[in-house]
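A.B. asks: protein23.cif is reproduced below (mmCIF, C-alpha atoms).
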data_protein
#
loop_
_atom_site.group_PDB
_atom_site.id
_atom_site.type_symbol
_atom_site.label_atom_id
_atom_site.label_comp_id
_atom_site.auth_asym_id
_atom_site.auth_seq_id
_atom_site.Cartn_x
_atom_site.Cartn_y
_atom_site.Cartn_z
ATOM 1 C CA MET A 1 8.805 -22.331 9.590
ATOM 2 C CA SER A 2 6.075 -24.891 9.834
ATOM 3 C CA GLY A 3 3.061 -25.844 7.831
ATOM 4 C CA ASN A 4 1.824 -24.385 4.598
ATOM 5 C CA SER A 5 2.108 -20.631 4.241
ATOM 6 C CA MET A 6 -1.081 -18.659 3.815
ATOM 7 C CA LEU A 7 0.722 -15.316 3.698
ATOM 8 C CA TYR A 8 0.451 -15.168 -0.082
ATOM 9 C CA PHE A 9 -3.217 -14.282 0.363
ATOM 10 C CA ALA A 10 -2.102 -10.800 1.479
ATOM 11 C CA PRO A 11 -0.699 -9.687 -1.918
ATOM 12 C CA LEU A 12 -3.412 -11.646 -3.716
ATOM 13 C CA ILE A 13 -6.229 -9.854 -1.891
ATOM 14 C CA THR A 14 -4.475 -6.493 -2.168
ATOM 15 C CA GLY A 15 -3.794 -6.933 -5.865
ATOM 16 C CA LEU A 16 -7.447 -7.778 -6.512
ATOM 17 C CA LEU A 17 -8.937 -5.084 -4.286
ATOM 18 C CA PHE A 18 -7.512 -2.141 -6.212
ATOM 19 C CA PRO A 19 -8.823 -3.001 -9.700
ATOM 20 C CA VAL A 20 -12.138 -4.217 -8.274
ATOM 21 C CA THR A 21 -12.521 -0.904 -6.416
ATOM 22 C CA PHE A 22 -11.867 1.183 -9.515
ATOM 23 C CA ILE A 23 -14.121 -0.942 -11.725
ATOM 24 C CA ILE A 24 -17.005 -0.641 -9.258
ATOM 25 C CA THR A 25 -16.651 3.117 -8.719
ATOM 26 C CA TYR A 26 -16.143 3.742 -12.443
ATOM 27 C CA THR A 27 -19.293 1.784 -13.282
ATOM 28 C CA ILE A 28 -21.336 3.606 -10.636
ATOM 29 C CA SER A 29 -20.072 7.048 -11.678
ATOM 30 C CA VAL A 30 -20.653 6.500 -15.392
ATOM 31 C CA SER A 31 -24.134 5.103 -14.692
ATOM 32 C CA ALA A 32 -24.929 8.139 -12.521
ATOM 33 C CA ASP A 33 -23.494 10.440 -15.211
ATOM 34 C CA THR A 34 -21.102 12.126 -12.779
ATOM 35 C CA ILE A 35 -18.025 11.509 -14.990
ATOM 36 C CA LYS A 36 -17.259 11.101 -18.675
ATOM 37 C CA PRO A 37 -16.931 7.479 -19.862
ATOM 38 C CA LEU A 38 -13.461 8.118 -21.332
ATOM 39 C CA PHE A 39 -10.286 9.693 -19.934
ATOM 40 C CA SER A 40 -11.291 10.262 -16.324
ATOM 41 C CA TYR A 41 -8.784 10.186 -13.483
ATOM 42 C CA ILE A 42 -8.993 7.384 -10.939
ATOM 43 C CA SER A 43 -9.949 9.959 -8.313
ATOM 44 C CA ASP A 44 -12.793 11.202 -10.526
ATOM 45 C CA THR A 45 -14.495 7.807 -10.259
ATOM 46 C CA GLY A 46 -14.977 8.376 -6.521
ATOM 47 C CA ALA A 47 -15.480 12.130 -6.430
ATOM 48 C CA TYR A 48 -19.278 12.229 -6.122
ATOM 49 C CA PRO A 49 -22.008 10.192 -4.399
ATOM 50 C CA PRO A 50 -23.000 7.423 -4.583
ATOM 51 C CA ALA A 51 -19.578 6.222 -5.766
ATOM 52 C CA SER A 52 -17.661 8.344 -3.227
ATOM 53 C CA GLY A 53 -18.797 6.229 -0.275
ATOM 54 C CA VAL A 54 -17.791 2.992 -1.989
ATOM 55 C CA PHE A 55 -14.486 4.572 -3.039
ATOM 56 C CA THR A 56 -13.658 5.561 0.546
ATOM 57 C CA LEU A 57 -14.660 2.217 2.049
ATOM 58 C CA LEU A 58 -12.854 -0.034 -0.422
ATOM 59 C CA LEU A 59 -9.692 2.079 -0.585
ATOM 60 C CA SER A 60 -9.500 2.060 3.213
ATOM 61 C CA ILE A 61 -9.625 -1.741 3.171
ATOM 62 C CA ALA A 62 -7.121 -1.907 0.306
ATOM 63 C CA SER A 63 -4.706 0.447 2.075
ATOM 64 C CA LEU A 64 -4.834 -1.724 5.201
ATOM 65 C CA ALA A 65 -4.161 -4.824 3.098
ATOM 66 C CA LEU A 66 -1.248 -3.013 1.446
ATOM 67 C CA ALA A 67 0.209 -2.161 4.860
ATOM 68 C CA VAL A 68 0.059 -5.866 5.765
ATOM 69 C CA VAL A 69 1.955 -6.759 2.571
ATOM 70 C CA VAL A 70 4.578 -4.116 3.346
ATOM 71 C CA PHE A 71 5.062 -5.470 6.874
ATOM 72 C CA ILE A 72 5.334 -9.100 5.739
ATOM 73 C CA ARG A 73 7.904 -8.091 3.131
ATOM 74 C CA TYR A 74 9.845 -6.202 5.807
ATOM 75 C CA LYS A 75 9.933 -9.273 8.067
ATOM 76 C CA GLN A 76 10.917 -11.508 5.142
ATOM 77 C CA ILE A 77 13.926 -9.329 4.342
ATOM 78 C CA GLU A 78 14.836 -8.991 8.018
ATOM 79 C CA GLU A 79 14.921 -12.772 8.393
ATOM 80 C CA PHE A 80 16.804 -13.290 5.116
ATOM 81 C CA PHE A 81 19.672 -11.003 6.180
ATOM 82 C CA ARG A 82 19.641 -11.943 9.871
ATOM 83 C CA GLU A 83 22.934 -13.860 9.751
ATOM 84 C CA GLN A 84 24.757 -11.303 7.585
ATOM 85 C CA ASN A 85 24.631 -8.466 10.135
ATOM 86 C CA SER A 86 24.675 -5.874 7.340
ATOM 87 C CA LYS A 87 23.911 -2.361 8.605
ATOM 88 C CA VAL A 88 23.265 -1.110 5.065
ATOM 89 C CA ASN A 89 20.609 -3.730 4.351
ATOM 90 C CA LYS A 90 19.048 -3.165 7.771
ATOM 91 C CA ILE A 91 18.778 0.582 7.149
ATOM 92 C CA PHE A 92 17.458 0.058 3.618
ATOM 93 C CA ASN A 93 14.856 -2.355 4.956
ATOM 94 C CA ILE A 94 13.637 0.173 7.531
ATOM 95 C CA VAL A 95 13.530 2.912 4.880
ATOM 96 C CA GLY A 96 11.550 0.565 2.643
ATOM 97 C CA LEU A 97 9.113 -0.117 5.472
ATOM 98 C CA PHE A 98 8.448 3.591 5.980
ATOM 99 C CA LEU A 99 8.076 4.210 2.231
ATOM 100 C CA GLY A 100 5.603 1.346 1.941
ATOM 101 C CA LEU A 101 3.574 2.467 4.943
ATOM 102 C CA ALA A 102 3.591 6.038 3.603
ATOM 103 C CA ALA A 103 2.195 4.731 0.310
ATOM 104 C CA ALA A 104 -0.509 2.810 2.203
ATOM 105 C CA LEU A 105 -1.409 5.890 4.256
ATOM 106 C CA GLY A 106 -1.472 8.000 1.100
ATOM 107 C CA THR A 107 -3.847 5.531 -0.517
ATOM 108 C CA ASP A 108 -6.182 5.825 2.443
ATOM 109 C CA MET A 109 -6.001 9.626 2.237
ATOM 110 C CA VAL A 110 -6.913 9.537 -1.458
ATOM 111 C CA GLY A 111 -10.083 7.663 -0.581
ATOM 112 C CA SER A 112 -10.904 9.662 2.540
ATOM 113 C CA PHE A 113 -10.356 13.144 1.086
ATOM 114 C CA GLN A 114 -12.225 13.506 -2.207
ATOM 115 C CA GLU A 115 -10.673 15.979 -4.635
ATOM 116 C CA THR A 116 -13.929 17.954 -4.775
ATOM 117 C CA HIS A 117 -13.991 18.548 -1.003
ATOM 118 C CA SER A 118 -10.387 18.533 0.222
ATOM 119 C CA TYR A 119 -7.979 19.292 -2.607
ATOM 120 C CA THR A 120 -4.884 19.567 -0.393
ATOM 121 C CA GLY A 121 -5.544 16.370 1.560
ATOM 122 C CA HIS A 122 -6.401 14.416 -1.575
ATOM 123 C CA PHE A 123 -3.334 15.382 -3.574
ATOM 124 C CA THR A 124 -1.018 15.023 -0.598
ATOM 125 C CA GLY A 125 -2.280 11.457 -0.355
ATOM 126 C CA ALA A 126 -1.836 10.901 -4.092
ATOM 127 C CA PHE A 127 1.724 12.226 -3.856
ATOM 128 C CA MET A 128 2.497 9.809 -1.007
ATOM 129 C CA ALA A 129 0.799 6.879 -2.722
ATOM 130 C CA PHE A 130 2.402 7.194 -6.146
ATOM 131 C CA LEU A 131 5.828 8.697 -5.438
ATOM 132 C CA GLY A 132 6.223 6.836 -2.151
ATOM 133 C CA GLY A 133 4.975 3.703 -3.874
ATOM 134 C CA GLY A 134 7.399 4.099 -6.772
ATOM 135 C CA LEU A 135 10.386 4.563 -4.472
ATOM 136 C CA TYR A 136 9.221 1.575 -2.439
ATOM 137 C CA LEU A 137 9.173 -0.582 -5.568
ATOM 138 C CA ILE A 138 12.719 0.436 -6.472
ATOM 139 C CA MET A 139 13.882 -0.324 -2.938
ATOM 140 C CA GLN A 140 12.261 -3.770 -3.056
ATOM 141 C CA SER A 141 13.861 -4.396 -6.449
ATOM 142 C CA TYR A 142 17.259 -3.942 -4.805
ATOM 143 C CA PHE A 143 16.389 -6.634 -2.269
ATOM 144 C CA THR A 144 15.002 -8.875 -4.995
ATOM 145 C CA PHE A 145 18.418 -8.903 -6.697
ATOM 146 C CA LYS A 146 20.010 -9.771 -3.358
ATOM 147 C CA MET A 147 17.615 -12.689 -2.864
ATOM 148 C CA VAL A 148 18.258 -14.364 -6.230
ATOM 149 C CA PRO A 149 17.996 -17.353 -6.677
ATOM 150 C CA LEU A 150 16.377 -18.469 -3.394
ATOM 151 C CA PHE A 151 13.281 -16.286 -3.578
ATOM 152 C CA ALA A 152 13.338 -14.836 -7.084
ATOM 153 C CA SER A 153 14.895 -15.046 -10.521
ATOM 154 C CA LYS A 154 16.962 -12.392 -12.269
ATOM 155 C CA VAL A 155 14.124 -11.944 -14.754
ATOM 156 C CA LEU A 156 11.738 -11.070 -11.936
ATOM 157 C CA ALA A 157 14.300 -8.752 -10.356
ATOM 158 C CA TRP A 158 14.788 -6.815 -13.604
ATOM 159 C CA ALA A 159 11.027 -6.752 -14.218
ATOM 160 C CA ARG A 160 10.439 -5.284 -10.763
ATOM 161 C CA LEU A 161 13.151 -2.678 -11.270
ATOM 162 C CA PHE A 162 11.580 -1.721 -14.597
ATOM 163 C CA MET A 163 8.147 -1.331 -12.990
ATOM 164 C CA GLY A 164 9.558 0.748 -10.140
ATOM 165 C CA ILE A 165 11.401 3.115 -12.473
ATOM 166 C CA MET A 166 8.368 3.405 -14.735
ATOM 167 C CA VAL A 167 6.122 4.358 -11.812
ATOM 168 C CA CYS A 168 8.502 7.182 -10.849
ATOM 169 C CA ILE A 169 8.772 8.438 -14.449
ATOM 170 C CA LEU A 170 5.017 8.220 -14.996
ATOM 171 C CA PHE A 171 4.467 10.061 -11.722
ATOM 172 C CA LEU A 172 6.522 13.025 -12.930
ATOM 173 C CA ILE A 173 4.688 13.062 -16.270
ATOM 174 C CA CYS A 174 1.247 12.670 -14.703
ATOM 175 C CA PHE A 175 1.592 15.395 -12.108
ATOM 176 C CA GLY A 176 3.603 17.764 -14.288
ATOM 177 C CA VAL A 177 1.368 17.540 -17.343
ATOM 178 C CA GLY A 178 -1.756 17.337 -15.184
ATOM 179 C CA THR A 179 -0.939 20.583 -13.391
ATOM 180 C CA VAL A 180 -0.401 22.414 -16.696
ATOM 181 C CA SER A 181 -3.553 20.986 -18.293
ATOM 182 C CA ILE A 182 -5.820 21.936 -15.380
ATOM 183 C CA ARG A 183 -4.387 25.446 -15.238
ATOM 184 C CA GLN A 184 -4.977 25.962 -18.966
ATOM 185 C CA TYR A 185 -8.455 24.454 -18.705
ATOM 186 C CA ARG A 186 -9.478 26.847 -15.937
ATOM 187 C CA GLU A 187 -7.884 29.843 -17.667
ATOM 188 C CA ASN A 188 -10.075 29.095 -20.690
ATOM 189 C CA GLY A 189 -13.178 29.138 -18.501
ATOM 190 C CA GLY A 190 -13.585 25.380 -18.248
ATOM 191 C CA PRO A 191 -16.151 24.108 -15.699
ATOM 192 C CA ASP A 192 -15.790 21.053 -13.449
ATOM 193 C CA PRO A 193 -12.547 19.262 -14.557
ATOM 194 C CA THR A 194 -13.975 15.902 -13.452
ATOM 195 C CA ARG A 195 -16.211 16.236 -16.524
ATOM 196 C CA TRP A 196 -13.549 17.581 -18.878
ATOM 197 C CA GLU A 197 -14.960 19.338 -21.934
ATOM 198 C CA LYS A 198 -12.732 19.275 -24.988
ATOM 199 C CA LYS A 199 -13.764 22.730 -26.242
ATOM 200 C CA TYR A 200 -11.977 24.446 -23.340
ATOM 201 C CA GLY A 201 -8.584 23.191 -24.495
ATOM 202 C CA ALA A 202 -5.649 21.249 -23.025
ATOM 203 C CA TRP A 203 -7.378 18.041 -24.137
ATOM 204 C CA GLU A 204 -4.207 16.317 -25.342
ATOM 205 C CA LEU A 205 -2.402 17.133 -22.102
ATOM 206 C CA HIS A 206 -5.381 15.830 -20.153
ATOM 207 C CA ILE A 207 -5.270 12.522 -22.033
ATOM 208 C CA ILE A 208 -1.543 12.142 -21.322
ATOM 209 C CA SER A 209 -1.998 12.846 -17.610
ATOM 210 C CA VAL A 210 -4.971 10.503 -17.203
ATOM 211 C CA SER A 211 -3.310 7.695 -19.171
ATOM 212 C CA THR A 212 -0.101 7.854 -17.150
ATOM 213 C CA GLU A 213 -2.057 7.717 -13.882
ATOM 214 C CA TRP A 214 -3.848 4.521 -14.893
ATOM 215 C CA MET A 215 -0.527 3.053 -16.062
ATOM 216 C CA MET A 216 1.039 3.870 -12.683
ATOM 217 C CA ALA A 217 -1.784 2.092 -10.891
ATOM 218 C CA ALA A 218 -1.384 -0.939 -13.167
ATOM 219 C CA PHE A 219 2.370 -1.221 -12.532
ATOM 220 C CA LEU A 220 1.900 -0.860 -8.779
ATOM 221 C CA ASP A 221 -0.759 -3.554 -8.783
ATOM 222 C CA LEU A 222 1.317 -5.963 -10.877
ATOM 223 C CA TYR A 223 4.265 -5.459 -8.559
ATOM 224 C CA ILE A 224 2.151 -6.347 -5.528
ATOM 225 C CA LEU A 225 0.863 -9.474 -7.252
ATOM 226 C CA SER A 226 4.454 -10.515 -8.024
ATOM 227 C CA PHE A 227 4.960 -11.125 -4.280
ATOM 228 C CA ILE A 228 2.575 -14.097 -4.349
ATOM 229 C CA PRO A 229 5.160 -16.793 -5.288
ATOM 230 C CA GLU A 230 7.629 -15.449 -2.698
ATOM 231 C CA PHE A 231 5.103 -15.292 0.108
ATOM 232 C CA LYS A 232 4.258 -18.941 -0.507
ATOM 233 C CA LYS A 233 7.789 -19.738 0.679
ATOM 234 C CA ILE A 234 7.494 -17.980 4.037
ATOM 235 C CA ALA A 235 5.271 -18.498 7.067
ATOM 236 C CA MET A 236 4.734 -17.304 10.619
ATOM 237 C CA ASP A 237 6.178 -19.931 12.924
ATOM 238 C CA GLU A 238 4.698 -18.829 16.244
ATOM 239 C CA LEU A 239 2.685 -16.155 17.987
ATOM 240 C CA LYS A 240 3.258 -15.205 21.628
ATOM 241 C CA PHE A 241 1.076 -13.209 24.013
ATOM 242 C CA THR A 242 2.010 -12.033 27.492
ATOM 243 C CA LEU A 243 -0.696 -10.743 29.847
ATOM 244 C CA VAL A 244 0.536 -8.499 32.640
ATOM 245 C CA GLU A 245 -1.108 -6.921 35.683
ATOM 246 C CA LEU A 246 0.036 -3.803 37.526
ATOM 247 C CA ARG A 247 -0.276 -4.940 41.140
ATOM 248 C CA LYS A 248 -0.133 -2.300 43.871
ATOM 249 C CA VAL A 249 0.971 -3.559 47.283
ATOM 250 C CA ALA A 250 -0.269 -1.713 50.363
ATOM 251 C CA GLY A 251 2.713 -2.485 52.568
ATOM 252 C CA ASN A 252 6.145 -3.999 52.561
ATOM 253 C CA ASN A 253 5.162 -7.240 54.301
ATOM 254 C CA ASN A 254 5.724 -9.271 51.132
ATOM 255 C CA ASN A 255 9.393 -9.072 50.301
ATOM 256 C CA ASN A 256 8.905 -10.846 46.982
ATOM 257 C CA ILE A 257 6.698 -8.144 45.427
ATOM 258 C CA ASN A 258 7.637 -4.478 45.274
ATOM 259 C CA LYS A 259 5.209 -1.592 45.028
ATOM 260 C CA ASN A 260 3.853 -0.945 41.537
ATOM 261 C CA GLU A 261 5.646 -4.036 40.286
ATOM 262 C CA VAL A 262 4.546 -5.439 36.938
ATOM 263 C CA VAL A 263 3.718 -9.073 37.541
ATOM 264 C CA VAL A 264 3.267 -11.556 34.723
ATOM 265 C CA MET A 265 -0.052 -13.277 35.398
ATOM 266 C CA HIS A 266 -0.334 -15.537 32.387
ATOM 267 C CA ARG A 267 1.838 -16.475 29.454
ATOM 268 C CA ILE A 268 0.284 -17.908 26.335
ATOM 269 C CA GLU A 269 2.478 -19.427 23.663
ATOM 270 C CA GLN A 270 0.901 -20.647 20.483
ATOM 271 C CA ARG A 271 3.169 -23.006 18.609
ATOM 272 C CA SER A 272 2.580 -25.495 15.899
ATOM 273 C CA ARG A 273 3.756 -28.349 18.111
ATOM 274 C CA ASP A 274 1.299 -27.371 20.865
ATOM 275 C CA ILE A 275 -1.524 -27.645 18.380
ATOM 276 C CA GLU A 276 -0.285 -31.063 17.316
ATOM 277 C CA ASP A 277 -0.111 -32.237 20.972
ATOM 278 C CA ASP A 278 -3.682 -31.125 21.591
ATOM 279 C CA VAL A 279 -4.840 -33.100 18.591
#
Could you rewrite the structure in this file as C-alpha cells?

C.D. replies:
Amino acid sequence: MSGNSMLYFAPLITGLLFPVTFIITYTISVSADTIKPLFSYISDTGAYPPASGVFTLLLSIASLALAVVVFIRYKQIEEFFREQNSKVNKIFNIVGLFLGLAAALGTDMVGSFQETHSYTGHFTGAFMAFLGGGLYLIMQSYFTFKMVPLFASKVLAWARLFMGIMVCILFLICFGVGTVSIRQYRENGGPDPTRWEKKYGAWELHIISVSTEWMMAAFLDLYILSFIPEFKKIAMDELKFTLVELRKVAGNNNNNINKNEVVVMHRIEQRSRDIEDDV
C-alpha cells in the first residue's frame, strides 16, 4: 500500500446518503400531505410524487455506493487471508460478497419500484435489502472477530454481531407483524395504508411494524459507518489497464502474427512510483 487511503469515503458517503434521503423524502411527503407525520414506513415517504422521484434517484446512488463498500470489504478480507490459504474463509468471503450485492440491488429495487405501483417488485427488493443485509452483517461480524486486533477490537466485533442479529430479528418482526396488520386493516375497510387511519384497527401492530423497520435501517447504517476506521488502514496500490486490438491478417506472409490473433497494442500501468518520477 502507498499513500493515504481515501477508501473510507465510501462508507462515509453511503452512511450519510441513506438518512439524508429519508429525511428529504419524509419532509417533502409530509409537506405535500401524502403521508401522515407519524408512524409511516420508509417506503411511504417515497410512494407519491414529488417525493417518489427524489426517492428513486437518491436510493439508486446510495445502492451504488453500498455496492462499492461491499466490494472494498471483499478485497480487504481477500488480502487479509491471502497467506492463510483457507478455503472456508474464501468461500465465506464470496458468500458475503453476494449477500452484500444482493442487499445493494434490493435497495435499488425499493427505490425503483414504488409500493403503490409495483407491490411485488418493491417488497422483493425490501426482502433482499433487509434480510440479505442482515445476513451480510452477521457474515462480516465473523470476519471482524478474525481480524482482531489488527483491524478491529473485540468490542467492535461484538457490537457488529449484535447489530447483525438485531437486523435479522427486527426483519422477522417487521414483515410478520406488518403482513398481519395490513390484512386486518383492509378487512376492516381501511383505505390507502400509506395514510393509516387508526379507526380501521390494527394500529398497535402498525406501530410495531413501522418502528422495527426504522430500527433496522438505523442498525444497517451504523454498521456501514463502522467501516470508516478500518478503511482508513487500506488503500489501492495500483491500477492497470491493457488495451487490445483484434487484428485480422489477410494472408500467412507474416509468420509472427496468426489470423484473428489478439495483439496487445498498449499497456498502461499506473503506479505510485510512476507518479513520483513524473513529478

A.B. asks: Please write as a ChimeraX atom specification the list of polymer residues whose atoms come within 10 Å of (-11.2, 8.9, -18.7), counting all atoms listed in the file and keeping to the coordinates of the file.

C.D. replies: /A:26,35-42,44-45,194-196,206-207,210-211,214

A.B. asks: Could you write out the selected residues, including C-alpha atoms, as a CSV table (one decimal), in the frame of the given file?

C.D. replies:
chain,number,residue,atom,x,y,z
A,26,TYR,CA,-16.1,3.7,-12.4
A,35,ILE,CA,-18.0,11.5,-15.0
A,36,LYS,CA,-17.3,11.1,-18.7
A,37,PRO,CA,-16.9,7.5,-19.9
A,38,LEU,CA,-13.5,8.1,-21.3
A,39,PHE,CA,-10.3,9.7,-19.9
A,40,SER,CA,-11.3,10.3,-16.3
A,41,TYR,CA,-8.8,10.2,-13.5
A,42,ILE,CA,-9.0,7.4,-10.9
A,44,ASP,CA,-12.8,11.2,-10.5
A,45,THR,CA,-14.5,7.8,-10.3
A,194,THR,CA,-14.0,15.9,-13.5
A,195,ARG,CA,-16.2,16.2,-16.5
A,196,TRP,CA,-13.5,17.6,-18.9
A,206,HIS,CA,-5.4,15.8,-20.2
A,207,ILE,CA,-5.3,12.5,-22.0
A,210,VAL,CA,-5.0,10.5,-17.2
A,211,SER,CA,-3.3,7.7,-19.2
A,214,TRP,CA,-3.8,4.5,-14.9

A.B. asks: Report as a ChimeraX atom specification the residues that result from applying the PyMOL selection byres ((chain A and resi 76-85) around 12) to the structure here.

C.D. replies: /A:1,7,69-75,86-94,96-97,139-148,150-151,227,230-236

A.B. asks: Do you know which residues are at most 9 Å from Leu222 (chain A) counting all atoms listed in the file, after dropping those on the same chain fewer than 5 positions away, and could you put them as a list in words?

C.D. replies: Gly15, Met163 and Ala217 of chain A

A.B. asks: Residues of the last selection are to be written out with C-alpha atoms, as a PDB file, keeping the file's coordinate frame.

C.D. replies:
ATOM      1  CA  GLY A  15      -3.794  -6.933  -5.865  1.00  0.00           C
ATOM      2  CA  MET A 163       8.147  -1.331 -12.990  1.00  0.00           C
ATOM      3  CA  ALA A 217      -1.784   2.092 -10.891  1.00  0.00           C
TER       4      ALA A 217
END

A.B. asks: Fewer than 2 positions away in the same chain doesn't count, so skip those; otherwise give me all residues within 10 Å of Gln184 (chain A), counting only C-alpha atoms, as a ChimeraX atom specification.

C.D. replies: /A:178-182,186-190,200-203,205

A.B. asks: Hey, what comes out of the PyMOL selection byres ((chain A and resi 134) around 10) on this file? Could you write it as a ChimeraX atom specification?

C.D. replies: /A:99-100,103,128-133,135-140,161,163-171,216,219-220

A.B. asks: Restricting the calculation to only C-alpha atoms, which member of A:Val30, A:Ala47, A:Ile228, A:Ile173 is positioned closest to Ile208 (chain A)?

C.D. replies: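 When distances to Ile208 (chain A) are compared using only C-alpha atoms, the smallest one comes from A:Ile173.
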
A.B. asks: With all atoms listed in the file as the atoms that count, which of A:Gly111, A:Ala102, A:Val95, A:Met6 lies nearest to Ser52 (chain A)?

C.D. replies: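 So, comparing all the options, the nearest one is A:Gly111.
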
A.B. asks: By how many Å are CA of Glu197 (chain A) and CA of Ser209 (chain A) apart?

C.D. replies: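 Distance reported for this atom pair: 15.1 Å.
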
A.B. asks: Box for region 186-202 of chain A - axis-aligned, 8 Å on each of the six sides, all listed atoms - centre and size in Å to one decimal, as AutoDock Vina command-line options.

C.D. replies:
--center_x -10.9 --center_y 22.9 --center_z -19.8 --size_x 26.6 --size_y 29.9 --size_z 28.8

A.B. asks: Using all atoms listed in the file, find the one residue out of A:Gly53, A:Gly46, A:Pro11, A:Pro149 that sits nearest to Thr116 (chain A).

C.D. replies: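 Under the stated criterion, the closest residue is A:Gly46.
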
A.B. asks: Ranking A:Val20, A:Leu225, A:Met109, A:Ala126 by minimum distance to Arg160 (chain A) and counting all atoms listed in the file, which one comes first?

C.D. replies: A:Leu225

A.B. asks: For Met215 (chain A), which residue out of A:Ala51, A:Leu12, A:Cys174, A:Leu64 is the nearest one, using only C-alpha atoms?

C.D. replies: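 Looking at the shortest contact to Met215 (chain A), the residue is A:Cys174.
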
A.B. asks: One decimal, Å: what's the distance from CA of Gly121 (chain A) over to CA of Leu57 (chain A), could you say?

C.D. replies: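 Going from CA of Gly121 (chain A) over to CA of Leu57 (chain A), I get 16.8 Å.
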
A.B. asks: By how many Å are CA of Ile224 (chain A) and CA of Thr21 (chain A) apart?

C.D. replies: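 These atoms are spaced 15.7 Å apart.
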
A.B. asks: Taking 5 positions as the minimum chain separation for residues in the same chain, which residues sit within 9 Å of Asp221 (chain A) when counting all atoms listed in the file? Answer as number ranges by chain.

C.D. replies: A: 14-16, 18-19, 216, 226

A.B. asks: Identify which of the residues A:Ala218, A:Ile24, A:Asp192, A:Glu213 lies closest to Glu115 (chain A), counting all atoms listed in the file when measuring atom-to-atom distances.

C.D. replies: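 Closest residue, counting all atoms listed in the file: A:Asp192.
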